[in-house]
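Participant: Input structure: final07.txt, which contains compact mmCIF, C-alpha atoms.
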# COMPACT_ATOMS: atom_id res chain seq x y z
CA MET A 1 8.13 25.05 9.51
CA ALA A 2 6.52 21.73 9.11
CA ASP A 3 7.86 18.72 10.92
CA PRO A 4 9.53 15.95 8.95
CA MET A 5 7.59 13.01 7.61
CA ARG A 6 8.20 9.52 8.79
CA ILE A 7 8.73 7.28 5.81
CA ARG A 8 9.33 3.58 5.81
CA ALA A 9 10.08 1.68 2.62
CA ASN A 10 10.50 -2.08 2.62
CA VAL A 11 11.01 -4.63 -0.10
CA VAL A 12 8.10 -7.08 -0.08
CA GLY A 13 8.49 -9.77 -2.73
CA ASP A 14 9.06 -8.01 -6.05
CA ALA A 15 7.57 -4.76 -4.86
CA THR A 16 8.43 -1.99 -2.46
CA GLU A 17 5.93 -1.09 0.19
CA VAL A 18 6.01 2.53 1.29
CA LYS A 19 4.36 3.82 4.43
CA VAL A 20 4.30 7.52 5.16
CA LEU A 21 3.19 9.44 8.19
CA MET A 22 3.07 13.18 7.65
CA ASN A 23 2.81 15.91 10.21
CA HIS A 24 0.04 18.27 9.27
CA GLU A 25 -2.96 19.86 10.95
CA MET A 26 -5.37 19.20 8.06
CA GLU A 27 -7.85 21.90 9.10
CA THR A 28 -11.09 21.54 7.18
CA GLY A 29 -12.09 25.19 7.31
CA LEU A 30 -15.43 24.14 8.80
CA ARG A 31 -14.44 24.17 12.45
CA LYS A 32 -14.87 27.18 14.69
CA ASP A 33 -12.64 28.37 17.48
CA ALA A 34 -13.74 29.33 20.99
CA GLN A 35 -14.83 32.78 19.79
CA GLY A 36 -17.00 31.28 17.09
CA LYS A 37 -14.72 32.39 14.29
CA ALA A 38 -14.12 29.90 11.52
CA ILE A 39 -10.66 28.39 11.52
CA PRO A 40 -9.28 28.79 8.00
CA ALA A 41 -8.73 25.65 5.99
CA TRP A 42 -5.21 24.36 5.98
CA PHE A 43 -4.56 20.99 4.41
CA ILE A 44 -2.26 19.08 2.13
CA GLN A 45 -3.45 19.26 -1.47
CA ASN A 46 -0.81 17.39 -3.42
CA VAL A 47 1.39 14.48 -2.60
CA THR A 48 3.91 12.96 -4.95
CA ALA A 49 6.24 10.03 -4.51
CA THR A 50 9.25 9.36 -6.68
CA HIS A 51 11.69 6.50 -6.89
CA ASN A 52 14.89 7.00 -8.87
CA GLY A 53 13.39 10.16 -10.33
CA LYS A 54 10.34 8.25 -11.62
CA ASN A 55 6.92 9.17 -10.34
CA VAL A 56 5.39 6.22 -8.50
CA LEU A 57 2.33 7.91 -7.02
CA SER A 58 0.64 11.26 -7.13
CA ALA A 59 -2.34 12.18 -5.06
CA GLN A 60 -4.73 15.06 -4.61
CA TRP A 61 -6.21 15.41 -1.17
CA GLY A 62 -9.15 17.26 0.24
CA PRO A 63 -9.55 18.44 3.82
CA ALA A 64 -11.30 15.16 4.70
CA VAL A 65 -8.00 13.36 5.01
CA SER A 66 -7.20 12.87 8.68
CA LYS A 67 -4.87 15.01 10.72
CA ASN A 68 -1.28 13.79 10.50
CA PRO A 69 -2.09 11.82 7.37
CA PHE A 70 -1.09 8.25 6.82
CA LEU A 71 -0.50 6.82 3.38
CA SER A 72 0.59 3.41 2.25
CA PHE A 73 1.17 2.09 -1.27
CA LYS A 74 3.28 -0.40 -3.19
CA PHE A 75 5.23 -0.12 -6.41
CA LYS A 76 7.05 -2.72 -8.45
CA GLY A 77 10.81 -2.71 -8.44
CA GLY A 78 12.99 -0.92 -6.00
CA ALA A 79 16.01 -2.42 -4.35
CA LYS A 80 17.55 -2.13 -0.95
CA GLY A 81 19.58 1.00 -0.50
CA GLU A 82 17.68 2.99 -3.14
CA LYS A 83 15.83 6.15 -2.23
CA VAL A 84 12.16 7.00 -2.16
CA GLN A 85 11.19 10.65 -2.08
CA ILE A 86 7.88 12.05 -0.90
CA THR A 87 6.78 15.65 -1.39
CA TRP A 88 3.64 17.38 -0.22
CA THR A 89 2.26 20.83 -0.91
CA ASP A 90 -0.50 22.40 1.16
CA ASN A 91 -3.09 25.03 0.31
CA LYS A 92 -0.89 27.77 1.74
CA GLY A 93 1.84 26.84 -0.68
CA GLU A 94 4.04 25.33 1.98
CA LYS A 95 6.08 22.41 0.79
CA ARG A 96 8.06 19.61 2.32
CA THR A 97 10.17 16.85 0.81
CA ASP A 98 11.59 13.90 2.70
CA GLU A 99 13.55 10.93 1.64
CA ALA A 100 13.89 7.38 2.88
CA THR A 101 16.18 4.50 2.01
CA ILE A 102 14.52 1.25 1.00
CA ALA A 103 15.23 -1.48 3.50
CA MET B 104 13.64 44.55 25.93
CA ASN B 105 13.57 40.94 25.02
CA VAL B 106 9.87 40.57 25.65
CA THR B 107 8.90 43.43 23.40
CA ARG B 108 11.13 42.07 20.70
CA ARG B 109 9.44 38.73 21.00
CA GLU B 110 6.02 40.28 20.84
CA ALA B 111 7.00 42.34 17.86
CA LEU B 112 8.21 39.24 16.09
CA LYS B 113 5.04 37.36 16.94
CA SER B 114 2.68 40.01 15.67
CA GLY B 115 4.88 40.50 12.64
CA GLY B 116 4.66 36.79 11.91
CA GLY B 117 0.91 36.92 12.18
CA VAL B 118 0.68 39.70 9.67
CA THR B 119 2.81 37.93 7.10
CA LEU B 120 0.77 34.77 7.50
CA LEU B 121 -2.45 36.65 6.94
CA ALA B 122 -0.93 38.42 3.96
CA LEU B 123 0.09 35.08 2.54
CA ILE B 124 -3.40 33.63 2.82
CA THR B 125 -5.04 36.60 1.18
CA ALA B 126 -2.34 36.72 -1.46
CA ALA B 127 -2.91 33.07 -2.26
CA GLY B 128 -6.66 33.59 -2.44
CA TRP B 129 -6.38 36.60 -4.71
CA ALA B 130 -3.44 35.78 -6.86
CA VAL B 131 -4.33 32.30 -8.05
CA PRO B 132 -6.43 32.52 -11.18
CA ARG B 133 -9.48 30.34 -10.99
CA ASP B 134 -8.68 27.64 -13.49
CA ALA B 135 -5.15 28.29 -14.66
CA LEU B 136 -3.47 26.11 -12.11
CA ALA B 137 -6.33 23.78 -11.31
CA ALA B 138 -5.80 21.01 -13.82
CA ASP B 139 -2.23 20.35 -12.89
CA ALA B 140 -2.22 21.15 -9.22
CA TRP B 141 -5.53 20.56 -7.54
CA ASN B 142 -8.91 19.75 -9.03
CA LYS B 143 -10.98 22.22 -7.04
CA ALA B 144 -14.16 21.40 -8.94
CA ALA B 145 -13.94 17.75 -8.00
CA PHE B 146 -13.31 18.51 -4.35
CA ASP B 147 -16.33 20.82 -4.22
CA THR B 148 -18.79 18.18 -5.36
CA LYS B 149 -21.55 16.83 -3.18
CA SER B 150 -22.78 13.80 -5.09
CA MET B 151 -21.39 10.93 -7.09
CA ASP B 152 -22.82 12.28 -10.36
CA GLU B 153 -21.20 15.66 -9.83
CA THR B 154 -17.90 14.06 -8.95
CA THR B 155 -17.66 11.92 -12.04
CA LYS B 156 -18.75 14.88 -14.13
CA ALA B 157 -16.04 17.04 -12.59
CA LEU B 158 -13.53 14.34 -13.39
CA GLY B 159 -14.75 14.23 -16.96
CA GLY B 160 -16.29 10.78 -16.88
CA SER B 161 -19.70 9.20 -17.17
CA ALA B 162 -21.71 7.36 -14.54
CA PRO B 163 -19.57 4.68 -12.88
CA ALA B 164 -20.42 1.00 -13.16
CA PRO B 165 -20.56 -1.05 -9.95
CA SER B 166 -17.68 -3.47 -9.76
CA LYS B 167 -16.88 -6.43 -7.57
CA ASP B 168 -13.20 -6.16 -8.43
CA ILE B 169 -12.80 -3.21 -6.11
CA THR B 170 -12.34 -4.27 -2.53
CA PHE B 171 -11.87 -2.48 0.74
CA PHE B 172 -9.24 -3.63 3.18
CA GLN B 173 -8.32 -2.39 6.63
CA THR B 174 -11.65 -0.60 6.59
CA PRO B 175 -13.73 -1.03 9.73
CA ASP B 176 -17.49 -1.72 9.78
CA ILE B 177 -17.74 0.44 12.84
CA ALA B 178 -15.31 3.28 13.41
CA GLU B 179 -15.03 4.49 16.96
CA ASN B 180 -13.39 7.76 16.06
CA GLY B 181 -14.65 9.52 12.97
CA ALA B 182 -11.56 11.73 12.87
CA VAL B 183 -9.37 8.79 11.94
CA VAL B 184 -11.03 6.13 9.81
CA PRO B 185 -8.62 3.83 8.02
CA ILE B 186 -9.64 3.19 4.43
CA GLY B 187 -7.84 0.78 2.15
CA VAL B 188 -8.86 0.29 -1.46
CA ASN B 189 -7.67 -2.40 -3.81
CA SER B 190 -8.60 -2.59 -7.46
CA ALA B 191 -8.27 -5.79 -9.44
CA ILE B 192 -9.46 -4.07 -12.62
CA PRO B 193 -6.75 -4.14 -15.28
CA LYS B 194 -5.26 -0.78 -16.29
CA THR B 195 -6.37 1.02 -13.17
CA GLU B 196 -5.33 4.64 -13.62
CA SER B 197 -6.68 6.29 -10.54
CA ILE B 198 -8.47 5.61 -7.29
CA ALA B 199 -10.61 8.12 -5.45
CA ILE B 200 -12.03 7.77 -1.97
CA LEU B 201 -15.40 9.41 -1.40
CA VAL B 202 -17.44 9.73 1.77
CA GLU B 203 -21.12 10.18 0.99
CA LYS B 204 -22.23 12.24 3.96
CA ASN B 205 -19.22 14.49 4.38
CA PRO B 206 -19.72 18.18 3.50
CA ASN B 207 -17.82 17.51 0.30
CA MET B 208 -17.70 13.99 -0.99
CA VAL B 209 -14.20 13.60 -2.31
CA ALA B 210 -11.63 12.85 0.37
CA ALA B 211 -8.65 11.87 -1.74
CA MET B 212 -7.69 11.00 -5.28
CA PHE B 213 -4.67 8.94 -6.24
CA ASP B 214 -3.11 8.64 -9.67
CA ILE B 215 -1.61 5.22 -10.19
CA PRO B 216 1.23 5.22 -12.72
CA ALA B 217 2.21 1.97 -14.42
CA GLY B 218 4.29 -0.12 -12.07
CA THR B 219 2.48 0.99 -8.96
CA GLU B 220 -0.01 -1.47 -7.52
CA PRO B 221 -3.64 -0.26 -7.52
CA SER B 222 -3.83 -0.64 -3.80
CA ILE B 223 -3.86 2.36 -1.51
CA SER B 224 -4.50 2.88 2.12
CA THR B 225 -4.93 6.07 4.09
CA ARG B 226 -7.05 7.59 6.86
CA VAL B 227 -9.96 9.95 6.44
CA LYS B 228 -12.37 11.97 8.55
CA MET B 229 -16.05 11.09 8.62
CA GLY B 230 -18.68 13.39 10.08
CA GLN B 231 -21.21 10.62 10.59
CA SER B 232 -22.07 7.06 9.58
CA SER B 233 -22.06 6.91 5.84
CA ASN B 234 -21.28 4.95 2.73
CA VAL B 235 -17.70 5.13 1.61
CA TYR B 236 -17.15 4.87 -2.13
CA ALA B 237 -14.09 3.83 -4.01
CA LEU B 238 -14.16 5.30 -7.49
CA VAL B 239 -11.73 3.66 -9.85
CA LYS B 240 -10.80 4.85 -13.30
CA ALA B 241 -9.49 2.04 -15.47
CA ASP B 242 -8.86 2.21 -19.19
CA GLY B 243 -10.87 5.43 -19.39
CA LYS B 244 -13.96 4.04 -17.67
CA TYR B 245 -15.21 4.57 -14.15
CA TYR B 246 -16.08 1.84 -11.69
CA VAL B 247 -17.36 2.11 -8.17
CA ALA B 248 -17.74 0.06 -5.02
CA SER B 249 -19.13 1.06 -1.69
CA LYS B 250 -18.99 0.06 1.93
CA GLU B 251 -20.99 1.29 4.85
CA VAL B 252 -18.97 2.53 7.80
CA LYS B 253 -20.72 3.34 11.06
CA VAL B 254 -19.20 6.12 13.09
CA THR B 255 -19.81 6.32 16.81
CA LEU B 256 -18.02 9.66 17.28
CA GLY B 257 -18.03 12.18 14.44
CA GLY B 258 -14.80 13.65 13.18
CA CYS B 259 -15.82 17.10 12.05
CA GLY B 260 -17.11 18.70 15.24
CA GLY B 261 -15.36 21.76 16.60
Write the structure described by the file as structure tokens, please.
Facilitator:
Amino acid sequence: MADPMRIRANVVGDATEVKVLMNHEMETGLRKDAQGKAIPAWFIQNVTATHNGKNVLSAQWGPAVSKNPFLSFKFKGGAKGEKVQITWTDNKGEKRTDEATIA
Amino acid sequence: MNVTRREALKSGGGVTLLALITAAGWAVPRDALAADAWNKAAFDTKSMDETTKALGGSAPAPSKDITFFQTPDIAENGAVVPIGVNSAIPKTESIAILVEKNPNMVAAMFDIPAGTEPSISTRVKMGQSSNVYALVKADGKYYVASKEVKVTLGGCGG
């Protein structure tokens, strides 16, 4: 089971700034283990962010995104106390959704 | 008693995992899910021309309205290179981050819905010193900007 994300959402002027730190290995599939066998690729492919049920960002990632990925973006609107939801799906079909309250 | 049970569980877990991987590889039809879920064609590309073609666009025009922020000139650790891209082009629909000398160019693609600022930052891996491109789609057209990032320690070694 994947570890939870760390999400921080802050109101900055008239926008909400969201910073996300995900826990994921992000294996490229190009590395080899000690026996010389290729380590299978394992990485986050899709990330979506929603605020009040409205999509505020969707992303497609390749294996070149760093291990334990960091993501930061801003969207207009959003008030203190409202929720921001982030979901990722990896290439094994594993999924995780976490939620943060805008501060 | 306990130990054998643990071992049994462990090996059992391994088998299911393997089964899952193979199942995923076999079961997913090549293009059926691609458009919505993950643009495999775009992530397989190795040059800028191929990438824009895979995204369904024409050759991108260089633009000074795309800027990099939080992006180092010299990255000490290629496994974690912060890249920030800001687009001042009106109607920016998507931003893609490409690393020229990585095995596959496309690192990440972001769709920017209306209301979200065309300004994204994340971290990528870089195998070696290379140009980093920001490919922006705005109002149906593609624009590009690049920045050279020197890497002192590659991020793709095993």
Participant: Specify as a ChimeraX atom specification all residues of chain A found within 7 Å of chain B, counting all atoms listed in the file.
Facilitator: /A:31-32,45,56-66,69-76,92
Participant: Hey, which of B:Asp168, B:Glu203, B:Asp176, B:Glu196 ends up closest to Ser150 in chain B? Count only C-alpha atoms.
Facilitator: B:Glu203
Participant: So the first atom is CA of Ala9 in chain A and the second is CA of Thr87 in chain A; what is the distance between them in Å, to one decimal place?
Facilitator: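 So the answer is 14.9 Å.
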Participant: Name the residues in contact with Gly81 in chain A at a cut-off of 12 Å, using all atoms listed in the file, excluding same-chain residues fewer than 3 positions from it; report them as a list of chain:residue names.
Facilitator: A:Ala9, A:Asn10, A:Val11, A:Thr16, A:His51, A:Asn52, A:Gly78, A:Val84, A:Glu99, A:Ala100, A:Thr101, A:Ile102, A:Ala103
Participant: Mind giving me the straight-line distance from CA of Val239 in chain B to CA of Ile86 in chain A in Å, one decimal?
Facilitator: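 These two atoms are separated by 23.1 Å.
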Participant: Can you tell me which residues surround Lys244 in chain B at a distance of at most 10 Å, considering all atoms listed in the file, apart from same-chain residues fewer than 4 positions away, and format the answer as an MDAnalysis selection string?
Facilitator: chainID B and resid 160:164 195:196 239:240
Participant: For C-alpha atoms, I'd like the residues from the last selection saved as a tab-separated table (two decimals), keeping the file's coordinate frame.
Facilitator:
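Final file, out-v2.tsv:
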chain	number	residue	atom	x	y	z
B	160	GLY	CA	-16.29	10.78	-16.88
B	161	SER	CA	-19.70	9.20	-17.17
B	162	ALA	CA	-21.71	7.36	-14.54
B	163	PRO	CA	-19.57	4.68	-12.88
B	164	ALA	CA	-20.42	1.00	-13.16
B	195	THR	CA	-6.37	1.02	-13.17
B	196	GLU	CA	-5.33	4.64	-13.62
B	239	VAL	CA	-11.73	3.66	-9.85
B	240	LYS	CA	-10.80	4.85	-13.30
Participant: What does the structure give for the distance between CA of Pro175 in chain B and CA of Val47 in chain A, in Å to one decimal?
Facilitator: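 One can read the CA of Pro175 in chain B to CA of Val47 in chain A distance as 24.9 Å.
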Participant: Tell me which of B:Ser232, B:Phe172, B:Lys167, B:Lys156 sits closest to Glu251 in chain B, counting all atoms listed in the file.
Facilitator: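 Looking at the shortest contact to Glu251 in chain B, the residue is B:Ser232.
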Participant: If we count all atoms listed in the file, what is near range 35-39 of chain A at a cut-off of 12 Å, once residues fewer than 6 positions away on the same chain are taken out, given as a list in words?
Facilitator: Glu25, Met26, Glu27, Thr28 and Gly29 of chain A; Gly261 of chain B
